[in-house]
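Chemist: mmCIF, C-alpha atoms, file start10.cif:
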data_input
loop_
_atom_site.label_atom_id
_atom_site.label_comp_id
_atom_site.auth_asym_id
_atom_site.auth_seq_id
_atom_site.Cartn_x
_atom_site.Cartn_y
_atom_site.Cartn_z
CA MET J 1 -78.32 168.67 -49.17
CA SER J 2 -76.56 168.38 -52.54
CA THR J 3 -77.02 164.79 -53.63
CA ILE J 4 -74.71 163.29 -56.24
CA THR J 5 -76.96 161.95 -58.97
CA ARG J 6 -74.36 161.02 -61.60
CA ALA J 7 -70.66 160.13 -61.62
CA THR J 8 -68.66 159.08 -64.67
CA ALA J 9 -65.01 158.38 -65.45
CA TYR J 10 -62.97 158.19 -68.66
CA LEU J 11 -59.36 157.95 -69.80
CA VAL J 12 -57.45 160.46 -71.94
CA ASP J 13 -53.89 160.09 -73.29
CA ILE J 14 -52.12 163.45 -73.31
CA PRO J 15 -48.93 163.51 -75.41
CA VAL J 16 -45.65 164.32 -73.67
CA GLU J 17 -44.45 167.77 -74.67
CA THR J 18 -40.70 167.01 -74.61
CA VAL J 19 -38.34 164.06 -74.20
CA ARG J 20 -38.03 163.25 -70.48
CA THR J 21 -35.58 160.70 -69.10
CA ASP J 22 -34.21 159.98 -65.64
CA ALA J 23 -32.14 157.30 -63.96
CA SER J 24 -34.98 154.77 -63.84
CA GLN J 25 -37.50 155.48 -66.60
CA SER J 26 -38.73 157.55 -69.54
CA PHE J 27 -41.93 159.60 -69.51
CA LEU J 28 -43.90 157.95 -72.33
CA LYS J 29 -47.30 159.61 -72.09
CA GLN J 30 -49.64 161.04 -69.51
CA GLU J 31 -52.60 158.74 -68.99
CA THR J 32 -55.13 161.14 -67.47
CA ILE J 33 -58.15 159.72 -65.67
CA PHE J 34 -61.07 162.14 -65.39
CA VAL J 35 -64.06 161.94 -63.05
CA GLU J 36 -67.15 164.09 -63.56
CA LEU J 37 -70.01 164.34 -61.10
CA THR J 38 -73.40 166.09 -61.04
CA THR J 39 -75.63 166.95 -58.08
CA ASP J 40 -79.40 167.34 -57.90
CA ASP J 41 -79.12 171.11 -57.48
CA GLY J 42 -77.36 171.47 -60.85
CA GLY J 43 -73.81 171.52 -59.52
CA THR J 44 -70.90 169.87 -61.32
CA GLY J 45 -67.34 168.92 -60.55
CA ARG J 46 -64.46 167.64 -62.67
CA GLY J 47 -61.36 166.02 -61.18
CA TYR J 48 -58.43 164.01 -62.49
CA SER J 49 -55.33 162.00 -61.73
CA TYR J 50 -52.61 160.52 -63.93
CA THR J 51 -49.99 157.92 -64.68
CA ILE J 52 -46.85 158.37 -66.81
CA GLY J 53 -47.57 155.56 -69.22
CA THR J 54 -48.99 152.46 -67.54
CA GLY J 55 -51.90 151.52 -65.30
CA GLY J 56 -54.48 154.03 -66.48
CA SER J 57 -56.96 151.37 -67.53
CA ALA J 58 -56.64 149.69 -64.12
CA VAL J 59 -57.44 152.97 -62.36
CA LEU J 60 -60.42 153.48 -64.66
CA ALA J 61 -61.72 149.96 -63.94
CA LEU J 62 -61.50 150.48 -60.18
CA LEU J 63 -63.48 153.70 -60.53
CA THR J 64 -66.21 152.40 -62.81
CA ASP J 65 -66.60 148.99 -61.18
CA TYR J 66 -66.37 149.90 -57.51
CA LEU J 67 -65.95 153.53 -56.49
CA LEU J 68 -68.33 155.58 -58.63
CA PRO J 69 -71.42 153.49 -57.80
CA ARG J 70 -70.79 154.32 -54.14
CA LEU J 71 -70.77 158.04 -54.94
CA VAL J 72 -74.33 158.24 -56.24
CA GLY J 73 -76.70 159.29 -53.49
CA ARG J 74 -73.98 160.88 -51.33
CA ASP J 75 -74.06 164.50 -50.19
CA ALA J 76 -71.26 166.22 -52.12
CA ARG J 77 -70.60 168.52 -49.16
CA ASP J 78 -69.33 165.62 -47.07
CA VAL J 79 -65.78 165.62 -48.41
CA GLU J 80 -64.16 163.74 -45.52
CA ALA J 81 -66.93 161.16 -45.24
CA ILE J 82 -66.85 160.43 -48.98
CA TRP J 83 -63.06 159.99 -49.02
CA ARG J 84 -63.07 157.72 -45.97
CA ASP J 85 -65.94 155.59 -47.28
CA LEU J 86 -64.29 155.03 -50.65
CA TYR J 87 -60.96 154.25 -49.03
CA SER J 88 -62.58 151.75 -46.68
CA ALA J 89 -64.41 150.12 -49.56
CA THR J 90 -61.06 149.39 -51.26
CA ARG J 91 -59.22 148.28 -48.13
CA ALA J 92 -58.02 145.10 -49.85
CA THR J 93 -56.07 147.15 -52.43
CA ALA J 94 -54.86 149.96 -50.18
CA VAL J 95 -52.33 151.37 -49.57
CA GLY J 96 -51.21 151.39 -53.20
CA ALA J 97 -50.82 153.39 -56.37
CA ILE J 98 -53.94 152.24 -58.22
CA THR J 99 -56.29 152.92 -55.30
CA SER J 100 -54.71 156.28 -54.48
CA LEU J 101 -54.89 157.45 -58.09
CA ALA J 102 -58.55 156.45 -58.29
CA LEU J 103 -59.37 158.19 -55.00
CA ALA J 104 -57.59 161.31 -56.21
CA ALA J 105 -59.72 161.54 -59.35
CA VAL J 106 -62.88 161.41 -57.21
CA ASP J 107 -61.60 163.69 -54.47
CA THR J 108 -60.46 166.44 -56.84
CA ALA J 109 -63.88 166.30 -58.53
CA VAL J 110 -65.60 166.71 -55.16
CA TRP J 111 -63.36 169.66 -54.27
CA ASP J 112 -64.00 171.19 -57.70
CA TRP J 113 -67.75 170.85 -57.06
CA ARG J 114 -67.25 172.40 -53.63
CA GLY J 115 -65.47 175.40 -55.11
CA GLN J 116 -68.13 175.86 -57.78
CA HIS J 117 -70.84 175.54 -55.13
CA THR J 118 -69.30 178.14 -52.80
CA GLY J 119 -67.90 180.40 -55.51
CA LEU J 120 -64.39 180.10 -54.03
CA PRO J 121 -61.13 179.20 -55.78
CA LEU J 122 -59.36 176.14 -54.40
CA TRP J 123 -56.47 178.05 -52.87
CA ARG J 124 -58.86 180.04 -50.67
CA LEU J 125 -61.19 177.14 -49.98
CA ALA J 126 -58.28 175.02 -48.76
CA GLY J 127 -56.57 177.63 -46.61
CA GLY J 128 -55.71 180.86 -48.40
CA ALA J 129 -52.12 181.33 -47.20
CA LYS J 130 -50.84 183.29 -50.24
CA ASP J 131 -51.77 183.98 -53.83
CA ARG J 132 -48.55 182.96 -55.62
CA ILE J 133 -45.63 180.54 -55.32
CA PRO J 134 -42.04 180.58 -56.71
CA LEU J 135 -41.22 178.22 -59.57
CA TYR J 136 -38.24 175.99 -60.20
CA ASP J 137 -37.58 174.37 -63.58
CA THR J 138 -37.15 170.65 -64.26
CA GLU J 139 -37.36 170.58 -68.05
CA VAL J 140 -33.77 171.85 -68.44
CA GLY J 141 -32.18 169.02 -66.47
CA TRP J 142 -33.20 165.63 -67.90
CA LEU J 143 -30.56 162.91 -67.72
CA HIS J 144 -29.99 162.60 -71.48
CA LEU J 145 -29.08 166.29 -71.88
CA SER J 146 -25.48 167.39 -72.23
CA ILE J 147 -23.77 169.80 -69.85
CA ASP J 148 -23.97 172.58 -72.43
CA GLU J 149 -27.69 171.94 -72.99
CA ILE J 150 -28.36 172.01 -69.25
CA ILE J 151 -26.47 175.27 -68.80
CA GLU J 152 -28.24 176.87 -71.77
CA GLY J 153 -31.64 175.78 -70.48
CA ALA J 154 -30.89 176.90 -66.94
CA LYS J 155 -29.86 180.36 -68.09
CA ALA J 156 -33.08 180.68 -70.09
CA ALA J 157 -35.16 179.67 -67.07
CA LEU J 158 -33.36 182.15 -64.85
CA ALA J 159 -33.78 184.89 -67.45
CA ALA J 160 -37.53 184.19 -67.28
CA GLY J 161 -37.47 184.93 -63.55
CA LEU J 162 -37.27 181.42 -62.06
CA THR J 163 -34.92 181.04 -59.11
CA GLY J 164 -34.37 177.28 -59.04
CA VAL J 165 -33.27 174.55 -61.46
CA LYS J 166 -33.38 170.76 -61.01
CA VAL J 167 -31.00 168.30 -62.66
CA LYS J 168 -31.37 164.53 -62.86
CA ILE J 169 -28.49 162.46 -61.49
CA GLY J 170 -27.68 158.74 -61.56
CA LYS J 171 -25.00 158.53 -64.24
CA PRO J 172 -22.95 155.30 -64.18
CA SER J 173 -20.00 157.21 -62.73
CA PRO J 174 -20.41 159.60 -59.78
CA ALA J 175 -17.78 161.78 -61.45
CA GLU J 176 -20.22 162.49 -64.29
CA ASP J 177 -22.87 163.73 -61.88
CA VAL J 178 -20.31 165.90 -60.08
CA GLU J 179 -18.97 167.29 -63.35
CA ARG J 180 -22.45 168.29 -64.55
CA LEU J 181 -23.44 169.95 -61.30
CA THR J 182 -20.11 171.69 -60.78
CA ALA J 183 -20.25 173.16 -64.28
CA LEU J 184 -23.83 174.29 -63.77
CA ARG J 185 -23.05 175.95 -60.44
CA ALA J 186 -20.12 177.80 -62.00
CA ALA J 187 -22.36 178.97 -64.85
CA VAL J 188 -25.32 180.24 -62.77
CA GLY J 189 -23.55 181.51 -59.68
CA PRO J 190 -24.06 180.99 -55.94
CA ASP J 191 -27.52 182.53 -55.52
CA VAL J 192 -29.51 180.07 -57.65
CA ASP J 193 -31.20 177.13 -55.94
CA LEU J 194 -29.98 173.88 -57.52
CA MET J 195 -31.86 170.64 -56.87
CA VAL J 196 -30.96 167.10 -57.97
CA ASP J 197 -33.16 164.04 -58.45
CA ALA J 198 -31.91 160.44 -58.44
CA ASN J 199 -35.35 158.86 -59.04
CA GLN J 200 -34.87 156.04 -56.51
CA SER J 201 -31.86 154.69 -58.42
CA LEU J 202 -29.23 154.48 -55.65
CA THR J 203 -28.42 152.24 -52.72
CA ALA J 204 -28.04 153.84 -49.31
CA ALA J 205 -24.27 153.42 -49.41
CA GLU J 206 -24.01 154.93 -52.90
CA ALA J 207 -26.33 157.80 -51.97
CA ILE J 208 -24.16 158.67 -48.97
CA ARG J 209 -21.10 158.60 -51.21
CA ARG J 210 -22.60 160.80 -53.92
CA ALA J 211 -24.10 163.24 -51.42
CA ARG J 212 -20.65 163.87 -49.96
CA LEU J 213 -19.22 164.39 -53.43
CA LEU J 214 -22.00 166.86 -54.25
CA GLU J 215 -21.99 168.84 -51.00
CA PRO J 216 -19.51 171.46 -52.38
CA VAL J 217 -22.07 172.34 -55.08
CA ASP J 218 -24.44 173.60 -52.31
CA LEU J 219 -27.64 171.82 -53.32
CA PHE J 220 -31.11 172.90 -52.21
CA TRP J 221 -32.17 169.24 -52.02
CA LEU J 222 -31.36 165.67 -53.05
CA GLU J 223 -34.60 164.08 -54.30
CA GLU J 224 -35.65 160.42 -54.16
CA PRO J 225 -32.14 159.03 -53.73
CA LEU J 226 -33.39 155.58 -52.61
CA PRO J 227 -36.48 153.42 -53.15
CA ALA J 228 -39.39 155.07 -51.37
CA ASP J 229 -39.96 152.12 -49.01
CA ASP J 230 -36.41 152.36 -47.62
CA VAL J 231 -37.20 154.65 -44.71
CA ALA J 232 -34.20 153.48 -42.67
CA GLY J 233 -31.85 154.17 -45.59
CA HIS J 234 -33.20 157.69 -45.98
CA GLU J 235 -32.80 158.23 -42.25
CA ARG J 236 -29.12 157.19 -42.37
CA LEU J 237 -28.55 159.36 -45.44
CA ALA J 238 -30.21 162.41 -43.87
CA ARG J 239 -27.94 162.09 -40.83
CA SER J 240 -24.82 161.78 -42.99
CA THR J 241 -25.19 164.86 -45.20
CA THR J 242 -25.94 168.58 -45.01
CA ILE J 243 -28.05 168.34 -48.18
CA PRO J 244 -31.81 168.27 -47.40
CA ILE J 245 -33.39 164.98 -48.51
CA ALA J 246 -36.60 165.38 -50.55
CA VAL J 247 -39.18 162.58 -50.69
CA GLY J 248 -42.85 162.08 -51.44
CA GLU J 249 -43.31 161.65 -55.18
CA SER J 250 -43.67 157.88 -54.77
CA MET J 251 -45.51 157.78 -51.44
CA TYR J 252 -49.18 156.90 -51.31
CA SER J 253 -50.43 157.41 -47.75
CA ILE J 254 -50.42 159.89 -44.90
CA GLY J 255 -48.91 157.22 -42.68
CA HIS J 256 -45.87 156.84 -44.94
CA PHE J 257 -45.16 160.58 -44.67
CA ALA J 258 -45.71 160.46 -40.92
CA GLU J 259 -43.03 157.77 -40.54
CA TYR J 260 -40.50 159.72 -42.62
CA LEU J 261 -41.12 162.91 -40.66
CA ALA J 262 -41.03 161.23 -37.26
CA ARG J 263 -37.65 159.66 -38.08
CA GLY J 264 -36.11 162.83 -39.50
CA ALA J 265 -35.74 161.18 -42.90
CA ALA J 266 -37.41 163.97 -44.92
CA GLY J 267 -36.04 167.50 -45.18
CA ILE J 268 -38.42 168.44 -48.00
CA VAL J 269 -41.90 166.93 -48.55
CA GLN J 270 -42.90 166.49 -52.21
CA VAL J 271 -46.43 165.16 -51.73
CA ASP J 272 -48.21 164.55 -55.05
CA VAL J 273 -51.96 165.17 -54.92
CA ALA J 274 -52.74 162.32 -57.32
CA ARG J 275 -50.47 159.74 -55.75
CA VAL J 276 -51.48 160.43 -52.16
CA GLY J 277 -55.19 160.09 -52.96
CA GLY J 278 -56.46 163.62 -53.54
CA ILE J 279 -56.70 167.07 -52.02
CA THR J 280 -58.14 165.81 -48.72
CA PRO J 281 -55.04 163.75 -47.76
CA TRP J 282 -52.67 166.22 -49.47
CA LEU J 283 -53.67 168.95 -47.04
CA LYS J 284 -53.18 166.61 -44.09
CA VAL J 285 -49.66 165.78 -45.25
CA ALA J 286 -48.85 169.46 -45.77
CA HIS J 287 -50.06 170.35 -42.28
CA LEU J 288 -48.19 167.38 -40.83
CA ALA J 289 -45.02 168.69 -42.49
CA GLU J 290 -45.71 172.14 -41.05
CA ALA J 291 -45.95 170.62 -37.57
CA HIS J 292 -42.46 169.17 -38.14
CA ASN J 293 -41.15 172.50 -39.51
CA VAL J 294 -40.59 170.97 -42.97
CA LEU J 295 -41.21 172.66 -46.32
CA VAL J 296 -43.63 171.37 -48.97
CA CYS J 297 -42.55 171.39 -52.64
CA PRO J 298 -44.99 169.10 -54.49
CA HIS J 299 -44.16 166.84 -57.40
CA PHE J 300 -45.45 167.59 -60.94
CA LEU J 301 -49.12 168.64 -61.64
CA MET J 302 -48.31 172.35 -61.53
CA GLU J 303 -51.78 173.28 -62.80
CA LEU J 304 -53.34 171.80 -59.65
CA HIS J 305 -50.51 172.16 -57.16
CA VAL J 306 -50.31 175.91 -57.69
CA SER J 307 -53.58 176.27 -55.78
CA LEU J 308 -52.55 173.84 -53.05
CA CYS J 309 -49.20 175.54 -52.58
CA ALA J 310 -51.04 178.83 -52.21
CA ALA J 311 -53.35 177.26 -49.64
CA VAL J 312 -50.67 176.34 -47.08
CA PRO J 313 -48.01 178.48 -45.36
CA ASN J 314 -45.09 176.03 -45.56
CA SER J 315 -44.95 175.62 -49.34
CA ARG J 316 -41.69 176.84 -50.88
CA TYR J 317 -41.52 175.86 -54.57
CA LEU J 318 -43.77 174.68 -57.42
CA GLU J 319 -42.29 172.39 -60.07
CA HIS J 320 -42.50 173.92 -63.54
CA ILE J 321 -43.47 171.11 -65.94
CA PRO J 322 -46.41 172.23 -68.10
CA GLN J 323 -48.35 169.14 -69.16
CA LEU J 324 -51.98 170.18 -69.71
CA ARG J 325 -51.54 172.66 -72.56
CA ALA J 326 -53.06 170.18 -75.03
CA VAL J 327 -56.34 170.04 -73.09
CA THR J 328 -56.72 173.53 -71.58
CA HIS J 329 -57.51 176.98 -72.95
CA GLU J 330 -55.16 178.86 -70.62
CA GLU J 331 -51.86 178.12 -68.90
CA VAL J 332 -50.91 178.85 -65.31
CA GLY J 333 -50.27 182.57 -64.95
CA ILE J 334 -46.62 183.40 -64.24
CA VAL J 335 -45.30 186.77 -63.06
CA ASP J 336 -41.67 187.41 -62.06
CA GLY J 337 -40.95 183.71 -61.70
CA HIS J 338 -44.00 183.08 -59.52
CA ALA J 339 -47.06 181.02 -60.46
CA LEU J 340 -50.33 182.78 -59.67
CA ALA J 341 -53.13 180.89 -57.97
CA PRO J 342 -56.25 180.88 -60.21
CA ALA J 343 -59.06 183.16 -59.09
CA SER J 344 -61.91 181.20 -60.68
CA PRO J 345 -64.06 178.89 -58.51
CA GLY J 346 -63.05 175.27 -58.03
CA LEU J 347 -59.78 173.85 -59.30
CA GLY J 348 -59.32 176.87 -61.57
CA ILE J 349 -58.33 174.82 -64.63
CA ASP J 350 -59.92 176.04 -67.88
CA TRP J 351 -60.46 172.70 -69.63
CA ASP J 352 -60.76 172.46 -73.41
CA LEU J 353 -63.54 169.87 -73.57
CA ASP J 354 -63.29 169.38 -77.32
CA ALA J 355 -59.57 168.62 -77.06
CA ILE J 356 -60.24 166.22 -74.22
CA ASP J 357 -62.83 164.38 -76.31
CA ASN J 358 -60.37 164.10 -79.22
CA LEU J 359 -57.75 162.47 -76.98
CA ARG J 360 -60.13 160.17 -75.14
CA VAL J 361 -59.23 156.46 -75.38
CA ALA J 362 -61.71 154.84 -72.97
#
Using structure tokens, write down the structure from this file.

Modeler:
Amino acid sequence: MSTITRATAYLVDIPVETVRTDASQSFLKQETIFVELTTDDGGTGRGYSYTIGTGGSAVLALLTDYLLPRLVGRDARDVEAIWRDLYSATRATAVGAITSLALAAVDTAVWDWRGQHTGLPLWRLAGGAKDRIPLYDTEVGWLHLSIDEIIEGAKAALAAGLTGVKVKIGKPSPAEDVERLTALRAAVGPDVDLMVDANQSLTAAEAIRRARLLEPVDLFWLEEPLPADDVAGHERLARSTTIPIAVGESMYSIGHFAEYLARGAAGIVQVDVARVGGITPWLKVAHLAEAHNVLVCPHFLMELHVSLCAAVPNSRYLEHIPQLRAVTHEEVGIVDGHALAPASPGLGIDWDLDAIDNLRVA
């Protein structure tokens, strides 16, 4: 038995590395919620989740007031039992973002402890399907950037070995979106994977219209075209276009993914480990997608998702948005446009604890 004797949580504000805008919001800061746990045999684990500017203090309060006290005395080896108990204890606030983000901070800490305890890196502990994953770049395609800036950034990403580029859409006029994507396709050629992201900004009717206008560009996916709770709208859209529809960034439960997959409303699954409640449910969603013959291309958190992508066979792309450089000693290893799964035990993130302390706000 490895009994959890101590569990703490705290909040760190990590500055945004570059200006990031989309059709519905701006990325103000990364509120990062850390959980640390210790077991009676000397083991430790550190996990985290995040918000992009609001709600971090609410997640922290849920952890400190309700969830962490339930951790003490538990056997850290019982990953499933711990997750289910904490979820059940917050039934009144689930399913929802605050609860899922809090659960994720705990669950990633437990998995980190598990990797340290066994001496295995996360990608092997969770499945061991491959040791690297191709990258696509998002930083070159934010909505405020001009066509020339997007093309210049895309060419730089491709020169670095990446094979995919994502551009934000949702301009007031559909013609603007078409113009940007048509120019980019002409500049990079037919062999580059181009993705677009509408960030839930469209109606179903407008999404169907814009998808048809964008089909000649040959897109790899159309991401979050509608509000995430509009399953029927996504289903109609998926049936109306040849562009794969990507969803998952704003979905917080296994059941939500199950409904999308059962209705053929998701062509790409972008499950986010923090927003779905941790590694334990992330793996279930990934395997559920595999059962439906659907690819997994997770949203954000490349430093953690690199290991999860390497763990499962149906992962296709990792999103390249570095965001932990301010609080880590080393970045994700990249070779020939592929991110390498860390070989060190646990999550494989080399935290800079002094930097974390300097940015701590609660």

Chemist: Evaluated on this file, the PyMOL selection byres ((chain J and resi 190) around 12) picks out some residues - which ones are they, written as a PDB file with C-alpha atoms, keeping the file's coordinate frame?

Modeler:
ATOM      1  CA  THR J 163     -34.920 181.040 -59.110  1.00  0.00           C
ATOM      2  CA  GLY J 164     -34.370 177.280 -59.040  1.00  0.00           C
ATOM      3  CA  THR J 182     -20.110 171.690 -60.780  1.00  0.00           C
ATOM      4  CA  LEU J 184     -23.830 174.290 -63.770  1.00  0.00           C
ATOM      5  CA  ARG J 185     -23.050 175.950 -60.440  1.00  0.00           C
ATOM      6  CA  ALA J 186     -20.120 177.800 -62.000  1.00  0.00           C
ATOM      7  CA  ALA J 187     -22.360 178.970 -64.850  1.00  0.00           C
ATOM      8  CA  VAL J 188     -25.320 180.240 -62.770  1.00  0.00           C
ATOM      9  CA  GLY J 189     -23.550 181.510 -59.680  1.00  0.00           C
ATOM     10  CA  ASP J 191     -27.520 182.530 -55.520  1.00  0.00           C
ATOM     11  CA  VAL J 192     -29.510 180.070 -57.650  1.00  0.00           C
ATOM     12  CA  ASP J 193     -31.200 177.130 -55.940  1.00  0.00           C
ATOM     13  CA  LEU J 194     -29.980 173.880 -57.520  1.00  0.00           C
ATOM     14  CA  PRO J 216     -19.510 171.460 -52.380  1.00  0.00           C
ATOM     15  CA  VAL J 217     -22.070 172.340 -55.080  1.00  0.00           C
ATOM     16  CA  ASP J 218     -24.440 173.600 -52.310  1.00  0.00           C
ATOM     17  CA  LEU J 219     -27.640 171.820 -53.320  1.00  0.00           C
ATOM     18  CA  PHE J 220     -31.110 172.900 -52.210  1.00  0.00           C
TER      19      PHE J 220
END

Chemist: List the residues matched by the PyMOL selection byres ((chain J and resi 141-144) around 10) in the displayed structure as number ranges by chain, ordered by chain and then by residue number.

Modeler: J: 19-23, 26, 137-140, 145-147, 149-151, 153-154, 165-171, 177, 180, 195-198

Chemist: Taking the file as shown, what set of residues would the PyMOL selection byres ((chain J and resi 105) around 10) give back, as JSON, numbers by chain?

Modeler: {"J": [9, 32, 33, 34, 35, 36, 46, 47, 48, 49, 50, 59, 60, 63, 100, 101, 102, 103, 104, 106, 107, 108, 109, 110, 273, 274, 277, 278, 279]}

Chemist: Distance atom CA of Glu249 of chain J-atom CA of Asp112 of chain J, one decimal place?

Modeler: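 Atom-to-atom, atom CA of Glu249 of chain J and atom CA of Asp112 of chain J are spaced 22.9 Å apart.
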
Chemist: List as a Markdown table every residue of segment 193-288 of chain J that is in contact with segment 315-324 of chain J, defined as an atom at most 10 Å from one of its atoms (using only C-alpha atoms), together with the nearest atom pair and the distance in Å rounded to one decimal, sorted by chain and then rising number.

Modeler:
| residue | atom | partner | partner_atom | distance |
| --- | --- | --- | --- | --- |
| J:Ile268 | CA | J:Arg316 | CA | 9.5 |
| J:Val269 | CA | J:Ser315 | CA | 9.2 |
| J:Gln270 | CA | J:Leu318 | CA | 9.7 |
| J:Ala286 | CA | J:Ser315 | CA | 8.1 |

Chemist: How many Å separate atom CA of Ile98 of chain J from atom CA of Ala341 of chain J?

Modeler: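 The value is 28.7 Å.
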
Chemist: With all atoms listed in the file as the basis for distance, which of J:His234, J:Leu135, J:His256, J:Lys284 is at the shortest distance from His305 of chain J?

Modeler: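 Among the listed residues, the smallest separation from His305 of chain J belongs to J:Leu135.
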
Chemist: Could you state the separation of atom CA of Val294 of chain J and atom CA of Arg132 of chain J in Å, given to one decimal place?

Modeler: 19.2 Å

Chemist: What's around Tyr260 of chain J at 9 Å? Count all atoms listed in the file, leave out sequence neighbours fewer than 2 positions away in its own chain, and write the answer as a compact mmCIF listing (two decimals) with C-alpha atoms, keeping the file's coordinate frame.

Modeler:
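Once everything was written out, this is part15.txt:
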# COMPACT_ATOMS: atom_id res chain seq x y z
CA VAL J 231 -37.20 154.65 -44.71
CA ALA J 232 -34.20 153.48 -42.67
CA HIS J 234 -33.20 157.69 -45.98
CA GLU J 235 -32.80 158.23 -42.25
CA VAL J 247 -39.18 162.58 -50.69
CA GLY J 255 -48.91 157.22 -42.68
CA HIS J 256 -45.87 156.84 -44.94
CA PHE J 257 -45.16 160.58 -44.67
CA ALA J 258 -45.71 160.46 -40.92
CA ALA J 262 -41.03 161.23 -37.26
CA ARG J 263 -37.65 159.66 -38.08
CA GLY J 264 -36.11 162.83 -39.50
CA ALA J 265 -35.74 161.18 -42.90
CA ALA J 266 -37.41 163.97 -44.92

Chemist: Return the single residue from J:Ala157, J:Leu37, J:Leu11, J:Ala94 that is closest to Ser253 of chain J, with distances computed using only C-alpha atoms.

Modeler: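 Nearest candidate to Ser253 of chain J out of J:Ala157, J:Leu37, J:Leu11, J:Ala94: J:Ala94.
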
Chemist: Using only C-alpha atoms for the distances, tell me which of J:Gly73, J:Glu215, J:Glu259, J:Arg360 is nearest to Glu31 of chain J.

Modeler: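 For Glu31 of chain J, the nearest of the candidates is J:Arg360.
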
Chemist: If we draw a sphere of 7 Å around (-51.4, 176.9, -56.1), which residues have at least one atom in it when counting only C-alpha atoms? Please report them as a ChimeraX atom specification.

Modeler: /J:123,132-133,304-311,340-341
